[in-house]
$ cat upload24.txt   # compact mmCIF, C-alpha atoms
# COMPACT_ATOMS: atom_id res chain seq x y z
CA MET A 181 34.42 131.21 82.59
CA LYS A 182 35.25 129.43 79.31
CA LEU A 183 38.93 129.32 80.33
CA LEU A 184 38.00 127.62 83.60
CA ALA A 185 35.86 125.03 81.80
CA VAL A 186 38.62 124.30 79.28
CA SER A 187 41.19 123.99 82.08
CA ALA A 188 38.93 121.54 83.93
CA LEU A 189 38.44 119.52 80.75
CA VAL A 190 42.20 119.37 80.09
CA CYS A 191 42.84 118.25 83.69
CA ALA A 192 40.20 115.52 83.38
CA VAL A 193 41.78 114.22 80.16
CA VAL A 194 45.23 114.15 81.79
CA VAL A 195 43.92 112.31 84.87
CA LEU A 196 42.08 109.72 82.77
CA THR A 197 45.08 109.20 80.50
CA ASN A 198 47.38 108.66 83.50
CA ALA A 199 44.84 106.35 85.14
CA ALA A 200 44.77 104.18 82.00
CA ALA A 201 48.57 104.07 81.94
CA TYR A 202 48.74 103.03 85.61
CA ARG A 203 46.02 100.41 85.06
CA ASP A 204 48.04 98.92 82.18
CA LEU A 205 51.21 99.00 84.29
CA PHE A 206 49.40 97.25 87.14
CA LYS A 207 48.07 94.57 84.78
CA ARG A 208 51.58 93.77 83.54
CA GLN A 209 52.98 93.23 87.02
CA SER A 210 50.00 92.05 89.01
CA GLY A 211 50.31 88.38 88.15
CA GLU A 212 50.36 85.87 90.94
CA TRP A 213 53.47 85.36 92.99
CA THR A 214 54.82 81.84 92.44
CA THR A 215 56.32 79.89 95.33
CA ILE A 216 59.63 78.12 94.70
CA GLY A 217 61.18 76.67 97.84
CA ASP A 218 60.94 79.22 100.64
CA ARG A 219 60.58 82.25 98.33
CA GLN A 220 57.91 83.79 96.13
CA TYR A 221 58.70 85.10 92.65
CA LEU A 222 56.95 87.48 90.29
CA TYR A 223 57.76 87.96 86.60
CA VAL A 224 57.49 91.67 85.76
CA ASP A 225 56.82 92.30 82.07
CA ILE A 226 58.00 95.90 82.08
CA GLN A 227 61.18 96.92 80.29
CA GLN A 228 63.24 98.83 82.85
CA THR A 229 66.84 99.55 83.77
CA TRP A 230 68.28 97.37 86.53
CA HIS A 231 67.94 100.16 89.11
CA LYS A 232 64.32 100.94 88.13
CA ALA A 233 63.51 97.21 88.24
CA GLU A 234 64.98 97.03 91.76
CA GLN A 235 62.87 100.04 92.82
CA ASN A 236 59.78 98.45 91.28
CA CYS A 237 60.38 95.20 93.17
CA ALA A 238 60.73 97.18 96.41
CA GLN A 239 57.37 98.85 95.75
CA LEU A 240 55.88 95.36 95.34
CA GLY A 241 57.35 94.24 98.68
CA GLY A 242 60.42 92.42 97.39
CA LYS A 243 63.81 92.71 95.73
CA LEU A 244 65.21 91.58 92.41
CA ALA A 245 65.55 87.81 92.63
CA SER A 246 68.61 85.99 93.89
CA VAL A 247 69.35 82.41 92.80
CA HIS A 248 70.98 79.88 95.13
CA SER A 249 70.85 76.53 93.35
CA GLN A 250 70.62 74.91 89.94
CA LYS A 251 67.07 73.85 90.81
CA ASP A 252 66.07 77.47 91.62
CA ASN A 253 67.64 78.62 88.35
CA GLN A 254 65.72 75.99 86.37
CA GLU A 255 62.46 76.79 88.17
CA LEU A 256 62.86 80.51 87.40
CA GLY A 257 63.51 79.63 83.76
CA LEU A 258 60.30 77.59 83.70
CA LEU A 259 58.37 80.43 85.37
CA ILE A 260 59.59 82.88 82.72
CA THR A 261 58.63 80.46 79.94
CA ARG A 262 55.14 79.95 81.42
CA MET A 263 54.61 83.70 81.71
CA THR A 264 55.98 84.68 78.30
CA GLY A 265 55.89 81.63 76.06
CA GLY A 266 59.60 82.19 75.45
CA LYS A 267 62.91 82.84 77.15
CA PRO A 268 63.47 86.60 77.23
CA ILE A 269 66.53 88.03 78.93
CA VAL A 270 65.56 89.28 82.41
CA TRP A 271 67.24 91.13 85.25
CA LEU A 272 68.15 89.27 88.42
CA GLY A 273 69.42 90.96 91.59
CA GLY A 274 73.12 90.30 91.05
CA THR A 275 75.53 93.23 90.81
CA ASP A 276 79.20 94.09 91.21
CA GLN A 277 78.69 97.84 90.93
CA HIS A 278 80.18 98.52 94.38
CA GLN A 279 83.37 96.51 93.83
CA GLU A 280 84.34 95.17 90.41
CA GLY A 281 84.40 91.38 90.35
CA ASN A 282 82.74 91.03 93.78
CA TRP A 283 79.24 89.89 92.84
CA VAL A 284 76.52 90.28 95.47
CA TRP A 285 72.76 89.86 95.55
CA SER A 286 70.77 93.04 96.14
CA ASP A 287 68.69 91.23 98.78
CA GLY A 288 71.83 90.75 100.91
CA SER A 289 71.91 86.95 100.59
CA VAL A 290 75.13 85.02 99.92
CA PHE A 291 76.20 84.75 96.27
CA ASN A 292 76.74 80.99 96.57
CA TYR A 293 75.55 79.72 93.17
CA LYS A 294 76.64 80.81 89.69
CA ASN A 295 75.40 80.02 86.21
CA TRP A 296 77.67 82.28 84.16
CA CYS A 297 77.98 81.79 80.43
CA TRP A 298 81.41 80.87 79.10
CA ARG A 299 83.89 83.77 79.55
CA GLU A 300 81.43 85.68 81.71
CA PRO A 301 81.29 87.90 83.60
CA ASN A 302 83.63 89.94 81.43
CA ASN A 303 82.84 93.54 82.46
CA ASP A 304 82.85 94.56 78.80
CA TRP A 305 82.09 98.30 78.74
CA ASN A 306 81.61 98.43 82.53
CA GLN A 307 78.89 95.79 82.87
CA ASP A 308 77.77 95.60 86.50
CA CYS A 309 74.32 93.98 86.48
CA LEU A 310 73.28 90.34 86.08
CA GLN A 311 70.90 89.18 83.37
CA MET A 312 69.47 85.67 82.99
CA ASN A 313 68.57 83.68 79.84
CA TYR A 314 71.49 84.96 77.81
CA GLY A 315 72.43 83.27 74.53
CA SER A 316 71.63 79.78 73.32
CA ASP A 317 72.72 78.26 76.66
CA GLN A 318 70.23 80.42 78.62
CA CYS A 319 72.97 81.25 81.13
CA TRP A 320 73.95 84.37 83.06
CA ASP A 321 75.73 87.39 81.65
CA ASP A 322 76.83 90.73 83.00
CA ASP A 323 75.37 93.72 81.17
CA GLN A 324 75.24 97.48 81.49
CA CYS A 325 72.71 98.42 84.14
CA ASN A 326 71.06 101.04 81.94
CA GLU A 327 69.79 98.45 79.44
CA TYR A 328 66.03 97.81 79.47
CA ARG A 329 64.87 94.34 80.50
CA SER A 330 61.92 92.66 82.15
CA SER A 331 62.71 91.29 85.61
CA ILE A 332 62.02 88.77 88.35
CA CYS A 333 61.09 90.01 91.84
CA SER A 334 61.38 87.85 94.93
CA LYS A 335 60.20 87.98 98.53
CA PRO A 336 60.02 85.59 101.48
CA LYS A 337 57.08 83.17 101.52

$ encode --input "upload24.txt" --output "structure tokens"
Amino acid sequence: MKLLAVSALVCAVVVLTNAAAYRDLFKRQSGEWTTIGDRQYLYVDIQQTWHKAEQNCAQLGGKLASVHSQKDNQELGLLITRMTGGKPIVWLGGTDQHQEGNWVWSDGSVFNYKNWCWREPNNDWNQDCLQMNYGSDQCWDDDQCNEYRSSICSKPK
């Protein structure tokens, strides 16, 4: 009987610990979606690999963000600054992992705008994922997809 009581107590502690972790995770990504043009964007303050960030966006009903104009790029930069008070590097939905040098957006939209930093993308050490806010120019850079970054999700309005 004591073993059963101890087992139940251990299970309760595990459940409560996991519930607290999920509550904290939800708090960090449950901010309001911000409308920019015909899309909605959400800054996700969770450090994840590019692929995990893409999966997380899908669970929230979107994809990693694509950027199609200088205005969209500036607005996303302002959104990140409002949410963080700074300019952290974040994942966007750009990748060339399927064909080197052929950059595409994970949401399937046309890759018709670019804000690459000077001499980027360079594929240094097999870099296949797009990060925003890189360097002093706050431009785009390719990086290894297994790096941990916060991210921007996007979905239709």

$ residues_around --input "upload24.txt" --residues "A:Gly274" --least-positions-apart "2" --cutoff "8 Å" --atoms "only C-alpha atoms" --output "list in words"
Ser246, Leu272, Asp276, Trp283, Val284, Trp285, Ser286, Cys309 and Leu310 of chain A

$ axis_aligned_box --input "upload24.txt" --around "stretch 267-277 of chain A" --padding-each-side "4 Å" --output "JSON"
{"center_x": 71.1, "center_y": 90.3, "center_z": 84.4, "size_x": 24.3, "size_y": 23.0, "size_z": 22.4}

$ residues_around --input "upload24.txt" --residues "A:Tyr314" --least-positions-apart "4" --cutoff "10 Å" --atoms "only C-alpha atoms" --output "VMD selection string"
chain A and resid 267 to 270 296 to 297 318 to 322

$ closest_residue --input "upload24.txt" --among "A:Gln220, A:Asn313, A:Asn253, A:Gln235" --to "A:Gly266" --atoms "all atoms listed in the file"
A:Asn313

$ closest_residue --input "upload24.txt" --among "A:Cys325, A:Ala245, A:Val224, A:Ala233" --to "A:Thr264" --atoms "all atoms listed in the file"
A:Val224

$ atom_distance --input "upload24.txt" --atom1 "atom CA of A:Lys251" --atom2 "atom CA of A:Lys294"
11.9 Å

$ closest_residue --input "upload24.txt" --among "A:Val290, A:Ser330, A:Thr275, A:Cys237" --to "A:Asn303" --atoms "only C-alpha atoms"
A:Thr275

$ residues_around --input "upload24.txt" --residues "A:Pro336" --least-positions-apart "3" --cutoff "10 Å" --atoms "all atoms listed in the file" --output "ChimeraX atom specification"
/A:215,217-221,241-243

$ build_atoms --input "upload24.txt" --residues "stretch 280-305 of chain A" --atoms "N, CA, C and O atoms" --output "mmCIF file, in the coordinates of the input"
data_model
loop_
_atom_site.group_PDB
_atom_site.id
_atom_site.type_symbol
_atom_site.label_atom_id
_atom_site.label_comp_id
_atom_site.auth_asym_id
_atom_site.auth_seq_id
_atom_site.Cartn_x
_atom_site.Cartn_y
_atom_site.Cartn_z
ATOM 1 N N GLU A 280 84.213 95.967 91.640
ATOM 2 C CA GLU A 280 84.340 95.170 90.410
ATOM 3 C C GLU A 280 84.811 93.752 90.714
ATOM 4 O O GLU A 280 85.787 93.546 91.422
ATOM 5 N N GLY A 281 84.060 92.788 90.184
ATOM 6 C CA GLY A 281 84.400 91.380 90.350
ATOM 7 C C GLY A 281 83.856 90.753 91.621
ATOM 8 O O GLY A 281 83.896 89.538 91.781
ATOM 9 N N ASN A 282 83.330 91.542 92.536
ATOM 10 C CA ASN A 282 82.740 91.030 93.780
ATOM 11 C C ASN A 282 81.220 91.057 93.632
ATOM 12 O O ASN A 282 80.564 92.031 93.972
ATOM 13 N N TRP A 283 80.667 89.963 93.102
ATOM 14 C CA TRP A 283 79.240 89.890 92.840
ATOM 15 C C TRP A 283 78.461 89.644 94.128
ATOM 16 O O TRP A 283 78.838 88.793 94.939
ATOM 17 N N VAL A 284 77.399 90.404 94.305
ATOM 18 C CA VAL A 284 76.520 90.280 95.470
ATOM 19 C C VAL A 284 75.075 90.293 94.985
ATOM 20 O O VAL A 284 74.783 90.759 93.885
ATOM 21 N N TRP A 285 74.192 89.784 95.824
ATOM 22 C CA TRP A 285 72.760 89.860 95.550
ATOM 23 C C TRP A 285 72.207 91.092 96.241
ATOM 24 O O TRP A 285 72.555 91.381 97.387
ATOM 25 N N SER A 286 71.333 91.810 95.577
ATOM 26 C CA SER A 286 70.770 93.040 96.140
ATOM 27 C C SER A 286 69.920 92.785 97.380
ATOM 28 O O SER A 286 69.701 93.692 98.175
ATOM 29 N N ASP A 287 69.469 91.537 97.583
ATOM 30 C CA ASP A 287 68.690 91.230 98.780
ATOM 31 C C ASP A 287 69.569 90.913 99.982
ATOM 32 O O ASP A 287 69.087 90.608 101.064
ATOM 33 N N GLY A 288 70.894 90.977 99.802
ATOM 34 C CA GLY A 288 71.830 90.750 100.910
ATOM 35 C C GLY A 288 72.187 89.295 101.148
ATOM 36 O O GLY A 288 73.005 88.998 102.015
ATOM 37 N N SER A 289 71.600 88.368 100.399
ATOM 38 C CA SER A 289 71.910 86.950 100.590
ATOM 39 C C SER A 289 73.279 86.609 99.984
ATOM 40 O O SER A 289 73.837 87.381 99.206
ATOM 41 N N VAL A 290 73.800 85.455 100.352
ATOM 42 C CA VAL A 290 75.130 85.020 99.920
ATOM 43 C C VAL A 290 75.095 84.635 98.447
ATOM 44 O O VAL A 290 74.185 83.922 98.000
ATOM 45 N N PHE A 291 76.074 85.081 97.695
ATOM 46 C CA PHE A 291 76.200 84.750 96.270
ATOM 47 C C PHE A 291 76.901 83.390 96.172
ATOM 48 O O PHE A 291 78.089 83.294 95.885
ATOM 49 N N ASN A 292 76.150 82.322 96.435
ATOM 50 C CA ASN A 292 76.740 80.990 96.570
ATOM 51 C C ASN A 292 76.489 80.064 95.395
ATOM 52 O O ASN A 292 76.909 78.912 95.417
ATOM 53 N N TYR A 293 75.807 80.518 94.375
ATOM 54 C CA TYR A 293 75.550 79.720 93.170
ATOM 55 C C TYR A 293 75.794 80.619 91.967
ATOM 56 O O TYR A 293 75.480 81.807 91.999
ATOM 57 N N LYS A 294 76.364 80.038 90.910
ATOM 58 C CA LYS A 294 76.640 80.810 89.690
ATOM 59 C C LYS A 294 76.257 79.988 88.475
ATOM 60 O O LYS A 294 76.453 78.782 88.446
ATOM 61 N N ASN A 295 75.721 80.664 87.476
ATOM 62 C CA ASN A 295 75.400 80.020 86.210
ATOM 63 C C ASN A 295 75.873 80.898 85.049
ATOM 64 O O ASN A 295 75.146 81.147 84.091
ATOM 65 N N TRP A 296 77.112 81.386 85.174
ATOM 66 C CA TRP A 296 77.670 82.280 84.160
ATOM 67 C C TRP A 296 77.866 81.563 82.834
ATOM 68 O O TRP A 296 78.237 80.391 82.794
ATOM 69 N N CYS A 297 77.639 82.281 81.761
ATOM 70 C CA CYS A 297 77.980 81.790 80.430
ATOM 71 C C CYS A 297 79.511 81.704 80.326
ATOM 72 O O CYS A 297 80.236 82.297 81.130
ATOM 73 N N TRP A 298 79.986 80.999 79.319
ATOM 74 C CA TRP A 298 81.410 80.870 79.100
ATOM 75 C C TRP A 298 82.032 82.246 78.908
ATOM 76 O O TRP A 298 81.492 83.086 78.185
ATOM 77 N N ARG A 299 83.138 82.493 79.574
ATOM 78 C CA ARG A 299 83.890 83.770 79.550
ATOM 79 C C ARG A 299 83.109 84.939 80.140
ATOM 80 O O ARG A 299 83.340 86.087 79.791
ATOM 81 N N GLU A 300 82.181 84.635 81.000
ATOM 82 C CA GLU A 300 81.430 85.680 81.710
ATOM 83 C C GLU A 300 81.635 85.480 83.213
ATOM 84 O O GLU A 300 81.901 84.373 83.655
ATOM 85 N N PRO A 301 81.512 86.518 83.990
ATOM 86 C CA PRO A 301 81.290 87.900 83.600
ATOM 87 C C PRO A 301 82.574 88.528 83.058
ATOM 88 O O PRO A 301 83.656 88.242 83.557
ATOM 89 N N ASN A 302 82.446 89.379 82.071
ATOM 90 C CA ASN A 302 83.630 89.940 81.430
ATOM 91 C C ASN A 302 83.785 91.445 81.623
ATOM 92 O O ASN A 302 84.775 92.025 81.199
ATOM 93 N N ASN A 303 82.806 92.092 82.213
ATOM 94 C CA ASN A 303 82.840 93.540 82.460
ATOM 95 C C ASN A 303 83.101 94.346 81.196
ATOM 96 O O ASN A 303 83.672 95.427 81.243
ATOM 97 N N ASP A 304 82.677 93.846 80.067
ATOM 98 C CA ASP A 304 82.850 94.560 78.800
ATOM 99 C C ASP A 304 82.057 95.865 78.849
ATOM 100 O O ASP A 304 80.847 95.850 79.042
ATOM 101 N N TRP A 305 82.715 96.974 78.697
ATOM 102 C CA TRP A 305 82.090 98.300 78.740
ATOM 103 C C TRP A 305 81.426 98.573 80.083
ATOM 104 O O TRP A 305 80.330 99.105 80.158
#
